[in-house]
Structure formats: structure tokens, C-alpha cells
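**Student:** So that we are looking at the same thing, I have put the structure below in C-alpha cells.
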Amino acid sequence: MVDPILINKFLTSTLIVGTIYLIATLGEVVAERSGVVNLGLEGLMEIGATIGIIVALLTVNPWIGFLAAMGTCALVACIHAFVTVTLRLNQFASGLAIYILGLGLGVMLREYARSVYAPLLLKIPEVRLYPIGVPILKDIPIIGALFNVNIMVYVGIALSIILWFILFKTRIGLNIRSVGENPAAADAAGINVFRVRYYCVIFGGAMAGIAGAYLMLGHTPQIMGAPIVLGRGWIAIALVIFSFWNPIRALFGAFLFGGLELAYYWLQSIAIFRSYVPLLIAIPHITAIILLTIMSIEALRKRLGAPAALGIPYSRE
Amino acid sequence: MSTPLNETVVLMKDIVKTFPGGVVANDHITFDLKRGEIHGLLGENGAGKTTLVNILYGLYKPDSGEIYVKGRRVKLNSPRDAIKLGIGLVPQHFKLVEVHTVVENIILGLKEYGFILRIREAEERIRELARKYGFRIDPKAKIWQLSMGERQYVEIMKALFRNADILILDEPTTVLTPQETEQLFKVLKRMKEEGKSIIFITHKLDEALTICDRITVLRKGRKIGTVTPDKVTKVDLARMMVGREVLFRISKSKMKVKAEKPILIVENLSVLSDKGVLAVKNVSFSVYPGEILGIAGIAGSGQEELMEAIAGLRKPVKGKIIIKGRDVTYASPREIYELNVAYIPEDRIRTGSLPNLTLWENLILKHHRRKPLVKHKIILNFKEIFKFAEKRKREFEIVAPNIFVPARTLSGGNLQRLILARELTGKPDLILAVYPTRGLDVGATEYVRKVLLRERDRGAAIVLVSEELDEIFQLSDRIAVIHNGELMGIVPTSQATVEEIGLMMGGALRR
Ligand SMILES: Nc1ncnc2c1ncn2[C@@H]1O[C@H](COP(=O)(O)OP(=O)(O)O)[C@@H](O)[C@H]1O
Ligand SMILES: [Mg+2]
């Protein structure tokens, strides 16, 4: 018999960690629905993490940290939009450049902050997000986990429902999906293809910023001069495929991978599983590699329901 | 309805458009459209018709020239500007989101149906409009499920939903059966009676003469003139369009070779498309030496997949292909062409040639394994190769400075001559020709048709896929009609009528 309290604890952590994946994935779903893939997610999250924690510590307010991370990453995503939409250059190359830029910038700034603002570290307890912990409800077996998480978990879940609604039930969603499927059709119908793609890419960037800041403020607050996102951005890109570009389905993927990430910490403590732990650590990454490989095969991608114009720049002449 | 009839609704003055690469697609073209008329734009492929209307729809920016719509000088920066002025375009290649529904495509970009889309309301209006014009359309259907004719109605509805009173149709009849064309003409006449103005683009003379009130002829980017149908004959129009006299009939001799053994037998063949659905369903036919079997059908009915299967480029899922008595159902393309089979593919640039390689390289492909073009099995014998290439170039009248220029520098007609020159070397017993004249000008078309007839008279068996019924009737000895992947029947040309073939193409008749 496994202790129900332990199960609840595991589920709580799963929700908390899964939300990192969820927010980043949702942003990328929207960007890809408009036809632009952003491989720079990992780098953007790294920047978001740095800006998020530093600003939160300086202002002693996590929410200002989130806003700053969002804004900064939206700006960086503008570069990607400019390069891929306006200059019509290769989306993969631009995304990789953003990844390298973000990784370097994020780590470097964090190292700098550590040397300058070291005393601020004492403020971490004041800015990190704590589980809300609804009394009584949180002690119900299994579903109690839902009532013992921080507020961003709710924000993430709400966002996936809202984004699903926007994509599939509203005018803006129809515009975005049409631009991603057939930009020439959208253009002929009087839609500004460039504007839609810019907004979607910037939105995706902003979400990556939130995801990065949340990784810090909701999960592991620290200022360390080393990468901290550790492949989660790449997994988020794979999760977009896993969820078939659908925000609701992204929920399941994100929490599944959140759970996987945790599983190895937990199983480490159980002797008979210990030797399998490295395998478990590898699972999300292996899955990501498989999904990204699938994505690069055009025929397969089409069959999975990827936006038909994904990765293809649009021009009239 | 405030403006009187006969008022000029569109005036395009001195329009010039040069594409990157230096093609002058529109060279000082002046064009006007009156309220309540159907104005035909007639011209060969590449004459600049699409470019001109794309400028009017705000898709291309002209280098110079003025545009007036309903009396006001306008600048069109995007289709949105054109839509606001009441201009609608039904493009040559439909611009529809295939995985979306009819409604979603029609209301795309419209604000009337709210932020949270009121789909029901839109569907109702679509049904109403469809009833009015006699379209049969299910608003909930996905575009990919529709026939080309139905997709065209969706494009027309898109324009009507945007309250277009100036409607442009770019070569609308190329994807229609003769019956569907007639239906479309009824709709256009009805719109004309309602006071709408229509620009009707075509390269078919008969159509222009039937439906238009005035016809403007373009040739090589220039305007040749504007005429009314009652003042000109078909021959006049053809001369304006092509710039010289045109033969309307190529004489075809009676079938000479009578053989009892077919060269090609196709038995219960089923083939999948790229999307993984059945594109060819249980098709059987045979082709004899000295005959042309024409395969008629609207584009995308499975003809391409069928021909690819015969050429060995696509593996069938069921059935048999027998060439000269040998079962080649699963043979490789090389095994098939070594049976002396020529393949003239649909896509001249991607499948038919190597655009970056030279003329001579393209000409010796397929033959480069044989003596005397190679010595000791592997070493190219340049002396023989150049002689061979020069001879082919001369024989097939390929216009190019020399045999060392890359194939991509050739015009469409010359590229097709190059492909013919290569494929017809060695007197093939079976020729597979897929849309061999598509996109060619009249001169090149005539040439290709004559060459095919010559090969037939020599005794080759030919399978000809074409979407031009004229061509099918002119060249074929028998006509096989394909609809939605199924063979609707095979009719000897002497006993066939256009109406009957049209009905079979639309799936309404089986023989
Ligand atoms: N986007 C483009 N870029 C370069 N050349 C083009 C482009 N579109 C058309 N052209 C060229 O302009 C000429 C006119 O083309 P088009 O207007 O499509 O003719 P039509 O519709 O009468 O067949 C052709 O020579 C064609 O090759
Ligand atoms: Mg055209």
C-alpha cells in the first residue's frame, strides 16, 4: 500500500512542475498555429527565468517579475518574427540563434546578478509562490492535490481552456488557423498575414517568458550562473506535436511530462528502482527527440494535422 | 444601384508590371469594365491576364499606371482595399483552407458574425444564397471533400458575402466539366442581370465568344485590342491572340496498324494518392500498337497516380500492369523504361528535367548507359554525346543558344521539346504522356500534338492524359473517362460526343 499522503504530494508536485511545460507549450501552440515554429523556446525561458527572479527580488514582488519576464521575452521574440516573417528567412536557423542567444544571455545575467545582488537572495522566501492549500479540500485523496498548488497552476489550466476557445470558436482563432494553413487564402480574404504572425510569435515569446519566470518563482528560486531550464524548452516544443496543436490536449502532455520529471526523484529513494533512474531521466528527452524527428518528416507532419504552412515564409509575388 | 448602366466601374490605365527577373508581364495595358457587362480577358498562357487582375485585387503593385474604381482614383495595397471597393476575385488556383469547412472559409476575415463566431447564422445565409443561384453546397462540408466545381462555388460565395459587385473569374472553366461550365454561365448571366460587372478570363475562344459582351485580347503582356463578339470570328480572335494564323484541325489518319496483341494491359488496378486514400479504383484497360488512348477527366481524378503507377513511380495496392507481356506491377522505373517505354510527366521542371544541368546532360539521361554514348560501360564518350545532343536539338527544333546552357533557361515549350527529344529517342513502343501541352503556347501545343500523332502512325501505343477535351477528341482513337478514380467507360472517338464525355467526367453517366 502506498501512502495516500505521499500520492497527494506527488500529484501536487506534478501539477506544479507540469505548469512550466504547459505555459511554454501553449505559447508555442499559438505561434505554430499561425505557421511559425520557434525553436528558441529553451533560450527564451532561460531569459525569462533570469529577468523574472532578478526583477522579483529587486521589487520584492513576484508579479512584477512575471511581467518583466513576459515583456523581455516578447521583445526577443520580435527578433524572431522580424527575421522569419518580414525577412522570410529560415525559421529553424533563426530559432536556433534565439536559443543560443537566450542561453548565453540568461546565464550571463544571472551570474552578474549573483555577484552584485547577492544579499537579495535572502528575499527569496518573500517572492516565491506558495501553494494555496485550501483547508479540508486539500486532504481529500487524489483530487486534494488540485487544492494544494500555487496560483499559476490555475492560471495555466485556465489559459489552456481560454486559448482552446479562442482558437476554435472565435474570429481571431479562425484568422490564426487560416494563416497557418494557407496564408494566401487568408491574404485574399483581407487578413493581414504578417500582423497575425507577428502577434502570435510575440505571444509565444511572452508565454515562454512566463514559463521561465515561473520555473524560478514557482519551482526552484535561485541565482546561479548555470543553465537552469535544462531541456524543458525543447520538450515543450515536442509537446506541441504531442498535443496535436490543441491547447486542451496540451494539458495532458504537460502534466504527464511533469510527472515523469518528478518520478525519478521519488524512485531514487526506492532501492530496487535506483539503477533504472538514469533511464527514467532520459525518457522525456528521448520522447522529445522522437517527436521532433517525426515533425521534420513532412508527410508524417501532415498526417498528424500540423498547420500546412508551418515553417514556410509567405510572400505575394 | 445608384449608378446607371453603361457607366465605367473600373478603369485601369497604362498598367506596367515587371517581375523580378525582368519579365514584363503587363506592358502599358489599358482596360475598362462597364457596369452590368461580362468583359472577357483572352490570351495565351503567360499573356499577363492573371497579373493584371491580381493588380486590380491589390495582390501585386504595378510599377506604373492608374486605377479608377467607380470614378475614383484608388491605390490598392492589399486585397482588403479591393474588397472594400466591392471587388471580388475567384483565383485561377483556388485559395481555400482545405481542412476547414465551407462556412469557415466563407466568413474568414468578415466581422459581421461576431467575435465569438455565430456559425449557424452564417450557414443559414450560405444556404439562402446557394438557393438563389442554384448552387448545391453543404456549408458544413470540409473543402477537401468537395469537387473542383463545388470549390469554385465556394470562391464565388466568398466574393458575394463580401458584397462584391465587380467579380473577377480567372480561368474558371479549366476545372469544370462541360455541363458545369454551362451551369456557371447561367449563374454569371444572372449576376449580370442584377447589375454586377464581371471580368471573365479564359484562353478558350468559344467560351469568350459565347458569354462575353466585350473581349480584350492580351498577347505577351501587351493589349492587342478590344472587340465585341458579333463583329469577330473565331479565326480573327485566334489571330489576335497568337499573332499568326492558327490551324484548328490537325489531320489525323485512320489507324494503320491493326494488332491483336496489346502493348499495355492494366487489370483491376488500385493506387493510393500521397494522402493515403484510394486515387485509382479498380481500373482496367488495354492499349494497342498504333493507337492513342485518351484519358479524360477533370484534374485530380486519379489520372496522375494512374500514370505514375504505370511508369513504376508509384506502387499499386492491387491489380496488375502488363507491358509487352511482362508483369511489371512492381517493377522499378528503370526496368520499365528498359522495355522501351517513354514517360512525359506532368511536371516538366521537377520530374521531367534536371533544371540546373545542361541541355546535353538532360538529353542523354536514360540513354547514358548505352553504346556509343559510353565507352567501357562507364566512361562518357563526349564526341558521340555532343553529336547525339546536337542532332536531337536540331530534330526537335529546341531553341537555345547551344547544348551547354542549363535546362532551366528554356521556355516551357522548349523544355517540353527537350523532354520529347529525350523520351522519343529509340522509338518507344509505349508512350505515357501526362498533360503534354499544359501551359504551352499555341505553337508549342501544335508541335507536341503533331509529334504524338507521328509516333502513333509509326506504331507506338500512346496513353494521353489531358484536361482539354479538344485535345482528347483531336488525338485519341478511343477515350477512357475517369471520374473520382473510377473508369466510367471507354468510348471510340468516332462514336463519342462532348456532352456524353462531359457527363461521364462528372460521374453522371457510365458506359
Ligand atoms: N510571381 C511571378 N514572378 C515572376 N514572373 C511571373 C510571376 N507571375 C507571373 N510571372 C510571369 O509573368 C508572365 C505573365 O504571367 P500571368 O499573368 O500568370 O499570365 P496568364 O495568366 O495570362 O497565363 C509570365 O511570363 C509569367 O512567367
Ligand atoms: Mg493565369
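Residue numbering restarts at 1 in every chain; chains get A, B, ... in the order shown in the C-alpha cells, and ligands count up from 1 in that same order.
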Find the residues near ligand 1. Use a cut-off of 9 Å, count only C-alpha atoms and all ligand atoms, and write them as a count of residues only.
**Tutor:** 38
**Student:** Against chain A, which residues of chain B fall within 10 Å? For each one I want the closest pair of atoms and the distance in Å (one decimal), counting only C-alpha atoms, rows by chain and increasing residue number, as a tab-separated table.
**Tutor:**
```
residue	atom	partner	partner_atom	distance
B:Phe19	CA	A:Glu317	CA	8.3
B:Pro20	CA	A:Glu317	CA	9.1
B:Thr51	CA	A:Glu317	CA	9.9
B:Tyr57	CA	A:Ala188	CA	8.5
B:Gly58	CA	A:Ala188	CA	9.0
B:Leu59	CA	A:Arg316	CA	6.6
B:Tyr60	CA	A:Glu317	CA	7.0
B:Lys61	CA	A:Glu317	CA	9.6
B:Ser78	CA	A:Gly190	CA	7.2
B:Pro79	CA	A:Gly190	CA	5.3
B:Arg80	CA	A:Gly190	CA	4.2
B:Asp81	CA	A:Gly190	CA	8.0
B:Ala82	CA	A:Gly190	CA	8.7
B:Ile83	CA	A:Gly190	CA	7.3
B:Lys84	CA	A:Gly190	CA	9.4
B:Gly88	CA	A:Ala188	CA	9.3
B:Leu89	CA	A:Ala188	CA	8.2
B:Val90	CA	A:Ala188	CA	9.6
B:Pro91	CA	A:Ala188	CA	9.2
B:Phe94	CA	A:Ala185	CA	8.1
B:Lys95	CA	A:Ala185	CA	4.4
B:Leu96	CA	A:Ala185	CA	5.4
B:Val97	CA	A:Asn182	CA	5.7
B:Glu98	CA	A:Glu181	CA	8.2
B:Val99	CA	A:Glu181	CA	8.0
B:His100	CA	A:Ser178	CA	8.2
B:Glu104	CA	A:Leu174	CA	7.4
B:Asn105	CA	A:Ser178	CA	8.4
B:Ile106	CA	A:Ala189	CA	8.6
B:Ile107	CA	A:Ala189	CA	8.7
B:Leu108	CA	A:Ala189	CA	6.4
B:Gly109	CA	A:Ala189	CA	5.7
B:Leu110	CA	A:Arg171	CA	8.2
B:Lys111	CA	A:Arg171	CA	7.8
B:Tyr113	CA	A:Arg171	CA	8.2
B:Gly114	CA	A:Arg171	CA	7.2
B:Phe115	CA	A:Arg171	CA	5.2
B:Ile116	CA	A:Thr170	CA	4.3
B:Leu117	CA	A:Thr170	CA	5.2
B:Arg118	CA	A:Thr170	CA	8.9
B:Ile119	CA	A:Lys169	CA	9.1
B:Lys158	CA	A:Ala189	CA	8.2
B:Ala159	CA	A:Ala189	CA	8.9
B:Arg162	CA	A:Ala189	CA	9.2
B:Asp274	CA	A:Ala299	CA	8.4
B:Lys275	CA	A:Arg303	CA	8.0
B:Gly276	CA	A:Arg303	CA	9.4
```
**Student:** Report as a list in words all protein, DNA and RNA residues lying within 10 Å of A:Glu126, evaluated on only C-alpha atoms, omitting residues in the same chain fewer than 4 positions from it.
**Tutor:**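 Once the nearby chain positions are removed, what remains is Ala56, Leu57, Val60, Asn61, Pro62, Leu121, Leu122 and Tyr130 of chain A.
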**Student:** Based on DSSP run over this structure's backbone, return all residues of stretch 260-379 of chain B in alpha helix (DSSP H), as a list in words.
**Tutor:**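 Taking stretch 260-379 of chain B and keeping alpha helix (DSSP H) only, one gets Gln303, Glu304, Glu305, Leu306, Met307, Glu308, Ala309, Ile310, Pro333, Arg334, Glu335, Ile336, Tyr337, Leu359, Trp360, Glu361, Asn362, Leu363 and Ile364 of chain B.
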**Student:** Do a neighbour search on B:Leu420 at 12 Å with only C-alpha atoms, toss out local chain neighbours closer than 5 positions, and write the hits as number ranges by chain.
**Tutor:** B: 342-345, 348, 352-353, 362-363, 392-393, 395-398, 413-415, 425-428, 431-433, 436-437, 444, 447-452, 455
**Student:** For the selection just defined, write its residues with N, CA and C atoms to a file, as a JSON list (two decimals), in the first residue's frame.
**Tutor:**
```json
[["chain", "number", "residue", "atom", "x", "y", "z"],
["B", 342, "ALA", "N", 8.36, 5.33, -72.95],
["B", 342, "ALA", "CA", 8.66, 6.75, -72.76],
["B", 342, "ALA", "C", 7.65, 7.35, -71.79],
["B", 343, "TYR", "N", 8.13, 8.27, -70.95],
["B", 343, "TYR", "CA", 7.25, 8.88, -69.95],
["B", 343, "TYR", "C", 7.40, 10.39, -70.04],
["B", 344, "ILE", "N", 6.32, 11.06, -70.40],
["B", 344, "ILE", "CA", 6.34, 12.52, -70.46],
["B", 344, "ILE", "C", 5.52, 13.01, -69.28],
["B", 345, "PRO", "N", 6.21, 13.41, -68.20],
["B", 345, "PRO", "CA", 5.49, 13.65, -66.95],
["B", 345, "PRO", "C", 4.78, 14.99, -66.93],
["B", 348, "ARG", "N", 7.13, 19.25, -65.74],
["B", 348, "ARG", "CA", 8.30, 19.28, -66.61],
["B", 348, "ARG", "C", 9.56, 19.65, -65.85],
["B", 352, "GLY", "N", 10.46, 16.07, -65.01],
["B", 352, "GLY", "CA", 10.83, 15.87, -66.41],
["B", 352, "GLY", "C", 12.24, 16.24, -66.77],
["B", 353, "SER", "N", 12.88, 17.06, -65.93],
["B", 353, "SER", "CA", 14.22, 17.51, -66.32],
["B", 353, "SER", "C", 15.04, 17.81, -65.08],
["B", 362, "ASN", "N", 20.76, 16.68, -70.01],
["B", 362, "ASN", "CA", 19.35, 16.31, -69.96],
["B", 362, "ASN", "C", 18.96, 15.40, -71.13],
["B", 363, "LEU", "N", 19.60, 15.64, -72.27],
["B", 363, "LEU", "CA", 19.22, 14.85, -73.45],
["B", 363, "LEU", "C", 19.71, 13.41, -73.38],
["B", 392, "ARG", "N", 19.66, 15.83, -81.79],
["B", 392, "ARG", "CA", 18.34, 15.90, -81.16],
["B", 392, "ARG", "C", 17.83, 17.33, -81.12],
["B", 393, "LYS", "N", 18.73, 18.24, -80.78],
["B", 393, "LYS", "CA", 18.36, 19.64, -80.68],
["B", 393, "LYS", "C", 17.81, 20.13, -82.02],
["B", 395, "GLU", "N", 16.65, 18.18, -84.61],
["B", 395, "GLU", "CA", 15.45, 17.44, -84.98],
["B", 395, "GLU", "C", 14.19, 17.98, -84.31],
["B", 396, "PHE", "N", 14.31, 18.29, -83.03],
["B", 396, "PHE", "CA", 13.13, 18.71, -82.28],
["B", 396, "PHE", "C", 13.02, 20.23, -82.17],
["B", 397, "GLU", "N", 13.83, 20.93, -82.94],
["B", 397, "GLU", "CA", 13.75, 22.39, -83.04],
["B", 397, "GLU", "C", 13.76, 23.05, -81.67],
["B", 398, "ILE", "N", 14.71, 22.62, -80.82],
["B", 398, "ILE", "CA", 14.82, 23.23, -79.49],
["B", 398, "ILE", "C", 15.56, 24.56, -79.65],
["B", 413, "GLY", "N", 7.79, 25.73, -73.67],
["B", 413, "GLY", "CA", 7.65, 24.99, -74.92],
["B", 413, "GLY", "C", 8.94, 24.28, -75.30],
["B", 414, "ASN", "N", 10.05, 24.96, -75.13],
["B", 414, "ASN", "CA", 11.34, 24.36, -75.49],
["B", 414, "ASN", "C", 11.74, 23.25, -74.54],
["B", 415, "LEU", "N", 11.38, 23.43, -73.26],
["B", 415, "LEU", "CA", 11.66, 22.38, -72.29],
["B", 415, "LEU", "C", 10.88, 21.11, -72.66],
["B", 425, "THR", "N", 13.65, 9.18, -78.26],
["B", 425, "THR", "CA", 14.84, 8.55, -78.82],
["B", 425, "THR", "C", 14.70, 7.04, -78.65],
["B", 426, "GLY", "N", 14.99, 6.29, -79.70],
["B", 426, "GLY", "CA", 14.93, 4.84, -79.57],
["B", 426, "GLY", "C", 13.56, 4.28, -79.86],
["B", 427, "LYS", "N", 12.71, 5.10, -80.51],
["B", 427, "LYS", "CA", 11.41, 4.61, -80.97],
["B", 427, "LYS", "C", 10.67, 3.78, -79.93],
["B", 428, "PRO", "N", 10.14, 4.43, -78.91],
["B", 428, "PRO", "CA", 9.46, 3.70, -77.84],
["B", 428, "PRO", "C", 8.21, 2.96, -78.33],
["B", 431, "ILE", "N", 4.13, 5.05, -75.05],
["B", 431, "ILE", "CA", 4.39, 6.42, -74.62],
["B", 431, "ILE", "C", 3.33, 6.83, -73.61],
["B", 432, "LEU", "N", 3.77, 7.27, -72.43],
["B", 432, "LEU", "CA", 2.85, 7.76, -71.42],
["B", 432, "LEU", "C", 2.98, 9.28, -71.39],
["B", 433, "ALA", "N", 1.95, 9.98, -71.83],
["B", 433, "ALA", "CA", 2.02, 11.44, -71.90],
["B", 433, "ALA", "C", 1.00, 12.05, -70.95],
["B", 436, "PRO", "N", 0.60, 16.77, -71.76],
["B", 436, "PRO", "CA", 1.81, 17.17, -72.51],
["B", 436, "PRO", "C", 1.75, 18.60, -73.04],
["B", 437, "THR", "N", 0.59, 19.21, -73.12],
["B", 437, "THR", "CA", 0.54, 20.58, -73.67],
["B", 437, "THR", "C", 0.13, 21.61, -72.63],
["B", 444, "ALA", "N", 3.70, 25.72, -79.61],
["B", 444, "ALA", "CA", 4.29, 24.54, -78.98],
["B", 444, "ALA", "C", 3.26, 23.43, -78.84],
["B", 447, "TYR", "N", 2.89, 21.62, -82.04],
["B", 447, "TYR", "CA", 4.06, 20.79, -82.28],
["B", 447, "TYR", "C", 3.96, 19.47, -81.53],
["B", 448, "VAL", "N", 3.64, 19.58, -80.23],
["B", 448, "VAL", "CA", 3.56, 18.38, -79.40],
["B", 448, "VAL", "C", 2.50, 17.43, -79.95],
["B", 449, "ARG", "N", 1.36, 17.98, -80.33],
["B", 449, "ARG", "CA", 0.27, 17.13, -80.83],
["B", 449, "ARG", "C", 0.70, 16.41, -82.10],
["B", 450, "LYS", "N", 1.38, 17.15, -82.98],
["B", 450, "LYS", "CA", 1.82, 16.53, -84.23],
["B", 450, "LYS", "C", 2.81, 15.40, -83.97],
["B", 451, "VAL", "N", 3.72, 15.66, -83.04],
["B", 451, "VAL", "CA", 4.72, 14.63, -82.72],
["B", 451, "VAL", "C", 4.04, 13.37, -82.18],
["B", 452, "LEU", "N", 3.04, 13.57, -81.32],
["B", 452, "LEU", "CA", 2.35, 12.40, -80.76],
["B", 452, "LEU", "C", 1.66, 11.61, -81.86],
["B", 455, "GLU", "N", 4.18, 9.62, -83.84],
["B", 455, "GLU", "CA", 4.60, 8.42, -83.12],
["B", 455, "GLU", "C", 3.54, 7.33, -83.22]]
```
**Student:** Go ahead and compute the interatomic distance for atom CA of B:Glu361 and atom CA of B:Gly312, in Å to one decimal.
**Tutor:**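 Atom CA of B:Glu361 sits 22.8 Å away from atom CA of B:Gly312.
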